[in-house]
Amino acid sequence: MNRKKIEYLRFLADMGEIFIPIPNLQNEKRNTSTELSDMAEKRAFSAASLNKESAEKQDTISADKKKKLLDEFYHQIRDCTKCALSKTRHKFVFGAGNADADIMFIGEAPGGEEDLQGIPFVGRAGKLLDRILAAARLKRSEVYIANVLKCRPPKNRDPLPSEEEMCLPYLHRQIEIIQPKIICCLGRVAAHALLRTKANMSELRGQVHKYRNIPMIVTYHPAALLRSERFKKPTWEDFLFLLDELKKIKSR
Ligand code: URA
């Protein structure tokens, strides 16, 4: 069994899949265990390199300054009443994670649980995102997660164009402060909003886009994986692509 297949099976296991096809390892036992330990080593290496301190970064803003700027920005906008969603929200969901993150994930809008807690991706889709991150050996505390909209649309309907227009400047400013090395759009809504395109997911995936000169990739929203199994494999491929691109960027 080749490395890619093993990695995918590990991804499924990490994501809590219970029924994983068991391959016939009769003739492959030795290779497989070697491959697995190689992979573990590589993963540990890549996790360590993703964790490198900001001292190695070439950002113009220090990690402390980014944290301070984000905090100030949150206090400036948290009582926003620019659109009608402010009337129905419980909490304003600003974003969460490392202000000095290399990777920034962008979702669509808070759902019910996020609205109650004021934290992005803490509901069912969020729990799945946590598993995907863990499978990719990424910690939530080392990435930054935000949404296109900061307030929950009633019944989780799609954001209205007018809501996106009003809310997007907040996300632009967050990206400007964090200066991630790469952005990963979770789903079509985020990709359309940031890339100003109407392209479909198959056109958007598998390539490096640019958002204001920051490399950006697009993958499926975790909610899509909850709806259909068939999105799991391509999502894992997108995460490998993301890690690979980040590695290239960091080695430049
Ligand atoms: N879906 C999103 O797009 N964002 C969240 O924060 C939660 C679910």
# chains A, B, ... in the order shown; residues from 1 in each chain; ligands from 1
$ residues_near_ligand --ligand "ligand 1" --cutoff "12 Å" --atoms "only C-alpha atoms and all ligand atoms" --output "VMD selection string"
chain A and resid 91 to 96 105 to 130 144 to 153 156 to 159 185 to 191 220 to 224 226
$ select_by_dssp --residues "region 35-225 of chain A" --states "helix (DSSP H, G or I)" --output "MDAnalysis selection string"
chainID A and resid 35:50 54:56 63:77 85:88 112:117 124:135 140:142 154:156 161:178 188:195 201:204 222:225
$ closest_atom_pairs --of "region 147-193 of chain A" --to "region 72-85 of chain A" --cutoff "12 Å" --atoms "only C-alpha atoms" --output "tab-separated table"
residue	atom	partner	partner_atom	distance
A:Leu149	CA	A:Leu85	CA	9.5
A:Lys150	CA	A:Arg78	CA	9.0
A:Cys151	CA	A:Leu85	CA	6.0
A:Arg152	CA	A:Leu85	CA	6.7
A:Pro153	CA	A:Leu85	CA	6.3
A:Pro154	CA	A:Leu85	CA	7.8
A:Lys155	CA	A:Leu85	CA	11.5
A:Asn156	CA	A:Leu85	CA	11.3
A:Arg157	CA	A:Leu85	CA	11.6
A:Pro159	CA	A:Leu85	CA	10.0
A:Leu160	CA	A:Cys83	CA	10.5
A:Pro161	CA	A:Cys83	CA	11.5
A:Ser162	CA	A:Cys83	CA	8.4
A:Glu163	CA	A:Cys83	CA	6.5
A:Glu164	CA	A:Cys83	CA	9.8
A:Glu165	CA	A:Cys83	CA	10.1
A:Met166	CA	A:Lys82	CA	6.9
A:Cys167	CA	A:Lys82	CA	8.2
A:Leu168	CA	A:Lys82	CA	11.7
A:Pro169	CA	A:Ile77	CA	10.9
A:Tyr170	CA	A:Ile77	CA	8.1
A:Leu171	CA	A:Phe73	CA	10.8
A:His172	CA	A:Phe73	CA	11.8
A:Arg173	CA	A:Phe73	CA	8.5
A:Gln174	CA	A:Phe73	CA	8.3
A:Ile175	CA	A:Phe73	CA	11.9
A:Glu176	CA	A:Phe73	CA	11.6
A:Ile177	CA	A:Phe73	CA	9.6
A:Ile178	CA	A:Phe73	CA	11.9
$ residues_around --residues "Ile61 (chain A)" --least-positions-apart "4" --cutoff "12 Å" --atoms "only C-alpha atoms" --output "PyMOL selection string"
chain A and resi 54-55+57+65-70+99-100+176-180
$ atom_distance --atom1 "CA of Met201 (chain A)" --atom2 "CA of Leu225 (chain A)"
13.8 Å
$ closest_atom_pairs --of "region 121-141 of chain A" --to "region 229-236 of chain A" --cutoff "9 Å" --atoms "only C-alpha atoms" --output "CSV"
residue,atom,partner,partner_atom,distance
A:Ile132,CA,A:Trp236,CA,7.9
A:Ala135,CA,A:Trp236,CA,8.9
A:Ala136,CA,A:Trp236,CA,8.5
